[in-house]
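The structure file start-v3.pdb is reproduced below (PDB, C-alpha atoms).
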```pdb
ATOM      1  CA  MET S  21       9.860   3.282   1.015
ATOM      2  CA  GLY S  22       6.863   1.730  -0.718
ATOM      3  CA  CYS S  23       4.586  -0.893   0.732
ATOM      4  CA  SER S  24       5.220  -4.461  -0.302
ATOM      5  CA  PHE S  25       2.480  -7.056  -0.547
ATOM      6  CA  SER S  26       4.395 -10.212  -1.448
ATOM      7  CA  GLY S  27       3.744 -13.085   0.928
ATOM      8  CA  LEU S  28       7.481 -13.767   0.893
ATOM      9  CA  ASN S  29       8.311 -10.403   2.421
ATOM     10  CA  ALA S  30       7.185 -11.253   5.930
ATOM     11  CA  PHE S  31       6.446 -14.519   7.641
ATOM     12  CA  TYR S  32       5.083 -14.915  11.159
ATOM     13  CA  ASP S  33       5.331 -18.467  12.451
ATOM     14  CA  ALA S  34       4.148 -18.111  16.038
ATOM     15  CA  VAL S  35       0.790 -17.052  17.411
ATOM     16  CA  ASN S  36       1.453 -16.275  21.055
ATOM     17  CA  GLY S  37       5.034 -15.082  21.419
ATOM     18  CA  GLY S  38       8.261 -16.859  20.604
ATOM     19  CA  GLY S  39       8.979 -17.836  17.046
ATOM     20  CA  ASP S  40      10.539 -15.767  14.308
ATOM     21  CA  VAL S  41       9.407 -12.997  12.013
ATOM     22  CA  TRP S  42      10.866 -12.239   8.606
ATOM     23  CA  ILE S  43      10.598  -8.641   7.434
ATOM     24  CA  ASN S  44      11.952  -8.634   3.892
ATOM     25  CA  ASP S  45      15.536  -9.985   4.183
ATOM     26  CA  ASN S  46      15.770  -9.631   7.946
ATOM     27  CA  ARG S  47      14.909 -12.259  10.510
ATOM     28  CA  PHE S  48      13.847 -11.377  14.054
ATOM     29  CA  ARG S  49      13.095 -13.493  17.112
ATOM     30  CA  ILE S  50      10.230 -12.364  19.323
ATOM     31  CA  VAL S  51      11.434 -11.799  22.891
ATOM     32  CA  ARG S  52       8.259 -10.525  24.555
ATOM     33  CA  GLN S  53       5.220  -8.331  24.042
ATOM     34  CA  LEU S  54       5.656  -4.689  25.039
ATOM     35  CA  GLY S  55       2.104  -3.429  24.569
ATOM     36  CA  GLU S  56      -1.080  -3.480  22.569
ATOM     37  CA  GLY S  57      -3.919  -1.231  21.516
ATOM     38  CA  GLY S  58      -6.790  -1.622  19.096
ATOM     39  CA  PHE S  59      -5.648  -3.953  16.325
ATOM     40  CA  ALA S  60      -1.935  -3.365  16.969
ATOM     41  CA  TYR S  61       0.624  -5.219  19.075
ATOM     42  CA  VAL S  62       4.167  -4.129  19.871
ATOM     43  CA  PHE S  63       6.896  -6.717  20.479
ATOM     44  CA  LEU S  64      10.497  -6.581  21.589
ATOM     45  CA  VAL S  65      12.412  -8.517  18.942
ATOM     46  CA  LYS S  66      16.053  -9.468  18.453
ATOM     47  CA  GLU S  67      17.671  -9.726  15.070
ATOM     48  CA  VAL S  68      18.830 -13.205  14.034
ATOM     49  CA  LEU S  69      21.995 -12.819  11.979
ATOM     50  CA  PRO S  70      23.049 -15.174   9.183
ATOM     51  CA  ASP S  71      25.000 -18.283  10.201
ATOM     52  CA  SER S  72      28.371 -16.800   9.302
ATOM     53  CA  SER S  73      29.915 -15.314  12.446
ATOM     54  CA  SER S  74      31.426 -12.482  10.419
ATOM     55  CA  ALA S  75      28.187 -11.592   8.657
ATOM     56  CA  SER S  76      26.900  -8.083   9.189
ATOM     57  CA  SER S  77      23.258  -7.235   9.716
ATOM     58  CA  PRO S  78      21.309  -7.127   6.434
ATOM     59  CA  LEU S  79      19.417  -4.257   8.049
ATOM     60  CA  SER S  80      22.576  -2.121   7.956
ATOM     61  CA  LYS S  81      22.312  -1.954   4.157
ATOM     62  CA  LYS S  82      18.777  -0.559   4.339
ATOM     63  CA  VAL S  83      18.929   1.917   7.227
ATOM     64  CA  LYS S  84      20.216   5.309   6.097
ATOM     65  CA  ASP S  85      21.372   6.526   9.526
ATOM     66  CA  PRO S  86      23.714   4.019  11.250
ATOM     67  CA  SER S  87      22.879   5.549  14.642
ATOM     68  CA  HIS S  88      19.429   3.939  14.366
ATOM     69  CA  LEU S  89      20.953   0.443  14.342
ATOM     70  CA  SER S  90      20.867  -1.408  17.644
ATOM     71  CA  ASP S  91      24.147  -2.373  19.316
ATOM     72  CA  ASP S  92      22.640  -5.577  20.682
ATOM     73  CA  GLY S  93      20.255  -6.337  17.804
ATOM     74  CA  THR S  94      17.046  -5.522  19.691
ATOM     75  CA  TYR S  95      14.220  -3.532  18.116
ATOM     76  CA  ALA S  96      10.536  -2.788  18.557
ATOM     77  CA  MET S  97       8.173  -4.406  16.057
ATOM     78  CA  LYS S  98       4.597  -3.225  15.591
ATOM     79  CA  LYS S  99       2.198  -5.809  14.201
ATOM     80  CA  VAL S 100      -1.090  -4.455  12.838
ATOM     81  CA  LEU S 101      -4.073  -6.697  12.081
ATOM     82  CA  ILE S 102      -5.820  -5.183   9.065
ATOM     83  CA  GLN S 103      -9.509  -6.036   8.756
ATOM     84  CA  ASN S 104     -10.608  -4.076   5.677
ATOM     85  CA  ASN S 105      -9.435  -1.889   2.808
ATOM     86  CA  GLU S 106      -9.915   1.319   4.799
ATOM     87  CA  GLN S 107      -7.537   0.079   7.508
ATOM     88  CA  LEU S 108      -5.113  -1.086   4.831
ATOM     89  CA  GLU S 109      -5.013   2.397   3.303
ATOM     90  CA  LEU S 110      -4.469   3.952   6.740
ATOM     91  CA  VAL S 111      -1.464   1.704   7.408
ATOM     92  CA  ARG S 112      -0.024   2.409   3.973
ATOM     93  CA  GLU S 113      -0.420   6.130   4.632
ATOM     94  CA  GLU S 114       1.276   5.812   8.044
ATOM     95  CA  ILE S 115       4.234   4.098   6.354
ATOM     96  CA  ARG S 116       4.406   6.750   3.640
ATOM     97  CA  VAL S 117       4.233   9.645   6.099
ATOM     98  CA  SER S 118       6.743   8.090   8.516
ATOM     99  CA  SER S 119       9.208   7.826   5.649
ATOM    100  CA  LEU S 120       9.114  11.607   5.143
ATOM    101  CA  PHE S 121      10.762  12.454   8.462
ATOM    102  CA  ASN S 122      14.411  12.415   9.452
ATOM    103  CA  HIS S 123      14.960  13.982  12.861
ATOM    104  CA  PRO S 124      16.490  12.748  16.153
ATOM    105  CA  ASN S 125      13.279  13.541  18.080
ATOM    106  CA  LEU S 126      10.987  11.665  15.673
ATOM    107  CA  LEU S 127      10.890   7.859  15.813
ATOM    108  CA  PRO S 128      12.275   6.483  12.526
ATOM    109  CA  LEU S 129      10.660   3.628  10.621
ATOM    110  CA  LEU S 130      13.512   1.227   9.840
ATOM    111  CA  ASP S 131      11.710  -1.363   7.726
ATOM    112  CA  HIS S 132       8.222  -2.647   7.012
ATOM    113  CA  ALA S 133       6.222  -5.282   5.183
ATOM    114  CA  ILE S 134       2.530  -5.906   4.541
ATOM    115  CA  ILE S 135       1.413  -9.445   3.820
ATOM    116  CA  SER S 136      -1.809 -11.106   2.756
ATOM    117  CA  VAL S 137      -3.071 -13.797   5.175
ATOM    118  CA  LYS S 138      -6.013 -16.184   5.539
ATOM    119  CA  ALA S 139      -7.286 -16.999   9.020
ATOM    120  CA  THR S 140      -8.865 -20.215   7.705
ATOM    121  CA  PRO S 141      -8.406 -22.100   4.405
ATOM    122  CA  ASP S 142     -11.900 -21.108   3.273
ATOM    123  CA  GLY S 143     -11.973 -17.680   4.854
ATOM    124  CA  PRO S 144     -11.426 -14.272   3.278
ATOM    125  CA  ARG S 145      -7.966 -12.793   2.852
ATOM    126  CA  ASN S 146      -6.911 -10.040   5.227
ATOM    127  CA  HIS S 147      -3.584  -8.304   5.692
ATOM    128  CA  GLU S 148      -1.017  -7.922   8.438
ATOM    129  CA  ALA S 149       1.549  -5.153   8.634
ATOM    130  CA  TYR S 150       4.941  -5.358  10.348
ATOM    131  CA  LEU S 151       6.727  -2.114  11.175
ATOM    132  CA  LEU S 152      10.237  -2.070  12.666
ATOM    133  CA  PHE S 153      11.523   0.729  14.924
ATOM    134  CA  PRO S 154      14.380   1.403  17.349
ATOM    135  CA  VAL S 155      13.392   0.265  20.844
ATOM    136  CA  HIS S 156      13.171   2.563  23.886
ATOM    137  CA  LEU S 157      12.590   0.434  26.965
ATOM    138  CA  ASP S 158      12.180   3.307  29.442
ATOM    139  CA  GLY S 159       8.593   3.674  28.251
ATOM    140  CA  THR S 160       6.484   6.650  27.331
ATOM    141  CA  LEU S 161       6.181   9.995  29.045
ATOM    142  CA  LEU S 162       2.774   8.809  30.265
ATOM    143  CA  ASP S 163       4.307   5.646  31.795
ATOM    144  CA  ASN S 164       6.991   7.690  33.519
ATOM    145  CA  ALA S 165       4.560  10.334  34.784
ATOM    146  CA  LYS S 166       2.268   7.680  36.289
ATOM    147  CA  ALA S 167       5.171   5.875  37.971
ATOM    148  CA  MET S 168       6.514   9.133  39.378
ATOM    149  CA  LYS S 169       3.083  10.240  40.586
ATOM    150  CA  ALA S 170       2.668   6.976  42.498
ATOM    151  CA  LYS S 171       5.902   7.806  44.335
ATOM    152  CA  LYS S 172       4.927  11.494  44.689
ATOM    153  CA  GLU S 173       7.838  12.465  42.492
ATOM    154  CA  PHE S 174       7.922  15.039  39.686
ATOM    155  CA  PHE S 175      10.137  16.025  36.795
ATOM    156  CA  SER S 176      12.325  18.990  37.655
ATOM    157  CA  THR S 177      11.578  22.317  35.959
ATOM    158  CA  SER S 178      14.766  21.883  33.939
ATOM    159  CA  ASP S 179      13.772  18.405  32.732
ATOM    160  CA  VAL S 180      10.242  19.590  31.852
ATOM    161  CA  LEU S 181      11.687  22.346  29.687
ATOM    162  CA  GLN S 182      14.330  20.117  28.085
ATOM    163  CA  ILE S 183      11.749  17.432  27.193
ATOM    164  CA  PHE S 184       9.445  20.094  25.808
ATOM    165  CA  ARG S 185      12.264  21.689  23.814
ATOM    166  CA  GLN S 186      13.024  18.363  22.123
ATOM    167  CA  LEU S 187       9.373  17.873  21.187
ATOM    168  CA  CYS S 188       9.341  21.366  19.707
ATOM    169  CA  ALA S 189      12.387  20.467  17.615
ATOM    170  CA  GLY S 190      10.616  17.395  16.245
ATOM    171  CA  LEU S 191       7.466  19.353  15.470
ATOM    172  CA  LYS S 192       9.469  22.117  13.801
ATOM    173  CA  HIS S 193      10.877  19.492  11.424
ATOM    174  CA  MET S 194       7.353  18.332  10.548
ATOM    175  CA  HIS S 195       5.981  21.856  10.274
ATOM    176  CA  SER S 196       8.872  22.924   8.039
ATOM    177  CA  LEU S 197       8.265  20.346   5.326
ATOM    178  CA  GLU S 198       6.705  21.347   2.027
ATOM    179  CA  PRO S 199       3.827  20.940   2.510
ATOM    180  CA  PRO S 200       3.906  21.249   6.318
ATOM    181  CA  TYR S 201       2.692  18.223   8.254
ATOM    182  CA  ALA S 202       0.827  18.195  11.567
ATOM    183  CA  HIS S 203       1.178  15.239  13.938
ATOM    184  CA  ASN S 204      -2.417  15.681  15.182
ATOM    185  CA  ASP S 205      -2.033  13.407  18.214
ATOM    186  CA  VAL S 206       0.804  14.740  20.364
ATOM    187  CA  LYS S 207       0.195  13.350  23.859
ATOM    188  CA  PRO S 208       2.238  11.784  26.686
ATOM    189  CA  GLY S 209       1.418   8.279  25.460
ATOM    190  CA  ASN S 210       3.029   9.063  22.089
ATOM    191  CA  ILE S 211       6.306  10.368  23.517
ATOM    192  CA  LEU S 212       9.104   7.902  24.262
ATOM    193  CA  ILE S 213      11.530   8.723  27.065
ATOM    194  CA  THR S 214      15.104   7.496  27.498
ATOM    195  CA  HIS S 215      16.810   8.337  30.779
ATOM    196  CA  ARG S 216      20.484   9.350  30.863
ATOM    197  CA  LYS S 217      22.564   9.567  34.012
ATOM    198  CA  GLY S 218      23.399  13.163  34.832
ATOM    199  CA  GLN S 219      21.625  14.485  31.722
ATOM    200  CA  PRO S 220      18.051  15.424  30.773
ATOM    201  CA  PRO S 221      15.903  12.592  29.366
ATOM    202  CA  VAL S 222      15.765  12.096  25.607
ATOM    203  CA  ALA S 223      12.251  12.614  24.203
ATOM    204  CA  ILE S 224      11.156  11.051  20.908
ATOM    205  CA  MET S 225       7.748  11.481  19.298
ATOM    206  CA  MET S 226       6.118   8.422  17.755
ATOM    207  CA  ASP S 227       2.903   7.199  16.103
ATOM    208  CA  PHE S 228       2.362   9.090  12.867
ATOM    209  CA  GLY S 229      -0.913   7.357  12.049
ATOM    210  CA  SER S 230      -2.793  10.660  12.339
ATOM    211  CA  ALA S 231      -0.140  12.868  10.690
ATOM    212  CA  ARG S 232      -1.423  14.667   7.605
ATOM    213  CA  PRO S 233      -0.639  17.783   5.555
ATOM    214  CA  ALA S 234      -1.433  20.536   8.038
ATOM    215  CA  ARG S 235      -3.004  23.244   5.889
ATOM    216  CA  LYS S 236      -6.622  22.953   4.823
ATOM    217  CA  GLN S 237      -8.990  25.551   3.432
ATOM    218  CA  ILE S 238     -12.501  25.094   4.793
ATOM    219  CA  ARG S 239     -15.083  26.865   2.651
ATOM    220  CA  SER S 240     -18.407  25.201   3.472
ATOM    221  CA  ARG S 241     -20.323  23.674   6.359
ATOM    222  CA  SER S 242     -19.948  20.281   4.725
ATOM    223  CA  GLU S 243     -16.147  20.591   4.670
ATOM    224  CA  ALA S 244     -16.148  21.759   8.293
ATOM    225  CA  LEU S 245     -18.195  18.748   9.402
ATOM    226  CA  GLN S 246     -15.947  16.381   7.440
ATOM    227  CA  LEU S 247     -12.903  17.776   9.256
ATOM    228  CA  GLN S 248     -14.605  17.438  12.640
ATOM    229  CA  GLU S 249     -15.566  13.842  11.872
ATOM    230  CA  TRP S 250     -11.993  13.017  10.815
ATOM    231  CA  ALA S 251     -10.604  14.629  13.971
ATOM    232  CA  SER S 252     -13.019  12.689  16.192
ATOM    233  CA  GLU S 253     -11.605   9.451  14.776
ATOM    234  CA  HIS S 254      -7.907  10.350  14.650
ATOM    235  CA  CYS S 255      -7.184  12.985  17.349
ATOM    236  CA  SER S 256      -7.416  12.114  21.053
ATOM    237  CA  ALA S 257     -10.169  14.212  22.617
ATOM    238  CA  PRO S 258      -8.270  15.826  25.546
ATOM    239  CA  ILE S 259      -5.582  17.268  23.264
ATOM    240  CA  ARG S 260      -7.766  18.088  20.247
ATOM    241  CA  ALA S 261      -7.490  21.742  19.222
ATOM    242  CA  PRO S 262     -10.656  23.893  19.492
ATOM    243  CA  GLU S 263     -10.909  24.389  15.720
ATOM    244  CA  LEU S 264     -11.096  20.601  15.316
ATOM    245  CA  TRP S 265     -13.975  20.409  17.788
ATOM    246  CA  ASP S 266     -16.008  23.257  16.291
ATOM    247  CA  CYS S 267     -14.709  24.214  12.861
ATOM    248  CA  PRO S 268     -16.131  27.362  11.226
ATOM    249  CA  SER S 269     -17.582  27.062   7.738
ATOM    250  CA  HIS S 270     -14.884  29.437   6.488
ATOM    251  CA  ALA S 271     -11.487  28.772   8.058
ATOM    252  CA  ASP S 272      -7.848  28.204   7.224
ATOM    253  CA  ILE S 273      -6.540  25.309   9.307
ATOM    254  CA  ASP S 274      -2.773  25.012   9.753
ATOM    255  CA  GLU S 275      -0.028  23.301  11.773
ATOM    256  CA  ARG S 276      -0.970  25.197  14.925
ATOM    257  CA  THR S 277      -3.383  22.370  15.708
ATOM    258  CA  ASP S 278      -0.233  20.738  17.150
ATOM    259  CA  ILE S 279       0.317  23.597  19.616
ATOM    260  CA  TRP S 280      -2.553  22.187  21.648
ATOM    261  CA  TYR S 281      -0.853  19.299  23.385
ATOM    262  CA  GLY S 282       0.682  17.854  26.512
ATOM    263  CA  VAL S 283      -0.961  16.633  29.721
ATOM    264  CA  SER S 284      -4.404  18.107  29.226
ATOM    265  CA  PRO S 285      -5.246  20.739  31.879
ATOM    266  CA  PHE S 286      -8.849  20.612  30.705
ATOM    267  CA  GLU S 287      -9.509  17.177  32.179
ATOM    268  CA  TYR S 288      -8.639  18.509  35.631
ATOM    269  CA  ALA S 289     -11.201  21.284  35.174
ATOM    270  CA  LEU S 290     -13.813  18.607  34.524
ATOM    271  CA  GLY S 291     -12.860  16.696  37.654
ATOM    272  CA  GLU S 292     -14.664  19.231  39.806
ATOM    273  CA  SER S 293     -17.453  20.418  37.526
ATOM    274  CA  GLY S 294     -18.247  17.243  35.590
ATOM    275  CA  GLY S 295     -18.859  19.412  32.534
ATOM    276  CA  SER S 296     -18.208  18.946  28.841
ATOM    277  CA  LEU S 297     -14.645  18.349  27.702
ATOM    278  CA  GLN S 298     -15.445  20.099  24.428
ATOM    279  CA  LEU S 299     -16.683  23.234  26.222
ATOM    280  CA  ALA S 300     -13.672  23.234  28.534
ATOM    281  CA  ILE S 301     -11.318  23.144  25.537
ATOM    282  CA  VAL S 302     -13.179  25.613  23.315
ATOM    283  CA  ASN S 303     -13.448  28.104  26.215
ATOM    284  CA  ALA S 304      -9.894  27.410  27.497
ATOM    285  CA  GLN S 305     -11.072  26.448  30.993
ATOM    286  CA  ILE S 306      -7.798  25.440  32.613
ATOM    287  CA  LYS S 307      -7.188  23.942  36.043
ATOM    288  CA  TRP S 308      -3.651  22.979  36.955
ATOM    289  CA  PRO S 309      -2.970  19.594  38.555
ATOM    290  CA  SER S 310      -1.120  19.398  41.829
ATOM    291  CA  GLY S 311       2.619  19.612  41.328
ATOM    292  CA  PRO S 312       5.829  19.485  43.295
ATOM    293  CA  ASN S 313       6.557  21.392  46.465
ATOM    294  CA  PRO S 314       7.893  23.988  45.915
ATOM    295  CA  PRO S 315       5.644  24.317  42.845
ATOM    296  CA  TYR S 316       6.708  24.819  39.269
ATOM    297  CA  PRO S 317       7.555  28.481  38.642
ATOM    298  CA  GLU S 318       4.758  30.844  37.649
ATOM    299  CA  ALA S 319       6.646  31.653  34.438
ATOM    300  CA  LEU S 320       6.144  28.044  33.301
ATOM    301  CA  GLN S 321       2.370  28.216  33.834
ATOM    302  CA  LYS S 322       2.183  31.555  32.017
ATOM    303  CA  PHE S 323       4.123  30.028  29.129
ATOM    304  CA  VAL S 324       1.640  27.140  28.803
ATOM    305  CA  THR S 325      -1.352  29.477  29.085
ATOM    306  CA  TRP S 326       0.119  31.659  26.345
ATOM    307  CA  MET S 327       0.233  28.657  23.999
ATOM    308  CA  LEU S 328      -3.324  27.524  24.720
ATOM    309  CA  GLN S 329      -5.082  30.229  22.725
ATOM    310  CA  PRO S 330      -8.553  29.034  21.662
ATOM    311  CA  GLN S 331      -8.402  31.205  18.526
ATOM    312  CA  ALA S 332      -6.043  29.498  16.090
ATOM    313  CA  ALA S 333      -5.223  32.792  14.357
ATOM    314  CA  VAL S 334      -3.549  34.199  17.495
ATOM    315  CA  ARG S 335      -2.018  30.930  18.730
ATOM    316  CA  PRO S 336       1.805  31.034  18.505
ATOM    317  CA  ARG S 337       3.701  29.090  15.869
ATOM    318  CA  ILE S 338       6.426  26.602  16.693
ATOM    319  CA  ASP S 339       9.264  29.054  15.943
ATOM    320  CA  ASP S 340       7.849  31.545  18.473
ATOM    321  CA  ILE S 341       7.472  28.801  21.064
ATOM    322  CA  ILE S 342      11.069  27.663  20.618
ATOM    323  CA  ILE S 343      12.304  31.217  21.206
ATOM    324  CA  HIS S 344      10.352  31.412  24.473
ATOM    325  CA  VAL S 345      11.294  27.962  25.753
ATOM    326  CA  ASP S 346      14.978  28.668  25.084
ATOM    327  CA  LYS S 347      14.674  31.808  27.203
ATOM    328  CA  LEU S 348      13.091  29.783  30.014
ATOM    329  CA  ILE S 349      15.799  27.126  29.800
ATOM    330  CA  SER S 350      18.444  29.812  30.051
ATOM    331  CA  LYS S 351      16.650  31.440  32.985
ATOM    332  CA  PHE S 352      16.190  28.288  35.046
ATOM    333  CA  SER S 353      19.636  26.838  34.341
ATOM    334  CA  GLU S 354      21.417  29.822  35.858
TER     335      GLU S 354
END
```
Let me see the structure of the file written as structure tokens.
Amino acid sequence: MGCSFSGLNAFYDAVNGGGDVWINDNRFRIVRQLGEGGFAYVFLVKEVLPDSSSASSPLSKKVKDPSHLSDDGTYAMKKVLIQNNEQLELVREEIRVSSLFNHPNLLPLLDHAIISVKATPDGPRNHEAYLLFPVHLDGTLLDNAKAMKAKKEFFSTSDVLQIFRQLCAGLKHMHSLEPPYAHNDVKPGNILITHRKGQPPVAIMMDFGSARPARKQIRSRSEALQLQEWASEHCSAPIRAPELWDCPSHADIDERTDIWYGVSPFEYALGESGGSLQLAIVNAQIKWPSGPNPPYPEALQKFVTWMLQPQAAVRPRIDDIIIHVDKLISKFSE
């Protein structure tokens, strides 16, 4: 799925909502804005079908998995304002990497276009990218956790484990590629949740802008500092693995950087001490947030502590984690 730069591939004819967007051969009407961050905006859009009442969606010819097609024609569209060549290359890389994955717990990229635009007739040319995804209107895990906390509600132990198990399945897919890929920014804000009556929520990982081949050989101080600088720009601080904070001059980095994720227990440790987040992470200083009453089982806390090994060489791999989480699911579903 290569990037396209023809001005005919996408056309945006409204500035502040409303209006239509063309992404290649598909036309979408903007319904409302769902969110924004940095130079990116996410909109809820609805596909506008050709005039013929019997016409099928042109998108159906492009999407490999029919289950990704919307029953009511609604999708999520990410619009990225690209200011320079470096940002352009990052978006192109995100599109390339997203196209590598095919898993039910990883958000699929359905279509995309990159166009050249001029803000003013005499101004320089910039680019805009349009990325189309399935829409999940129940929000992110972060949204849900905040809403539940406000009502003093919590996910059940079973739901916690089932959500986590799905994320592990998505990561296993990424880690099993050749070469393996690391997400590098697994956090509650990058996990979409869909609620189902009488069933555990569906969890889908999104935002592959920081995903890269996972395995790197570091053989000099210069290479170590380059990795740390990259991580500071692309990996959220609270969930950044210790080896990305303080990389040795001789190290083999691998996909276990992704085993350092979730709601960061290190930020709670700082709440009382006011210390350094980096030191809390590197030294594995963990403080658990308040939970439900009765509390989550001790086995769950031990499981998380087992994963948060500061030394990457002894941190478990995703296959080991899946074995343990399946045992916990079996135990707490009895």
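For the atom pair formed by CA of Ala139 (chain S) and CA of Val100 (chain S), the distance is 14.5 Å, given to one decimal.
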How far is it from CA of Pro78 (chain S) to CA of Glu148 (chain S), in Å with one decimal?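 Separation of CA of Pro78 (chain S) and CA of Glu148 (chain S): 22.4 Å.
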Run the PyMOL selection byres ((chain S and resi 205-212) around 6) on the file and write out the hits as a list of chain:residue names.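 The output of the PyMOL selection byres ((chain S and resi 205-212) around 6) on this file is S:Gly159, S:Thr160, S:Leu161, S:Leu162, S:His203, S:Asn204, S:Ile213, S:Ala223, S:Ile224, S:Met225, S:Met226, S:Cys255, S:Tyr281, S:Gly282.
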Give me the residues near His195 (chain S) as a PyMOL selection string, where near means some atom within 10 Å (using all atoms listed in the file) and where sequence neighbours in that chain fewer than 4 positions away do not count. chain S and resi 189-191+199-203+233-234+274-276+278+337-339
Edge lengths and centre in Å, axis-aligned, region 187-199 of chain S plus 4 Å each side, as JSON:
```
{"center_x": 8.1, "center_y": 20.2, "center_z": 11.6, "size_x": 16.6, "size_y": 13.5, "size_z": 27.2}
```
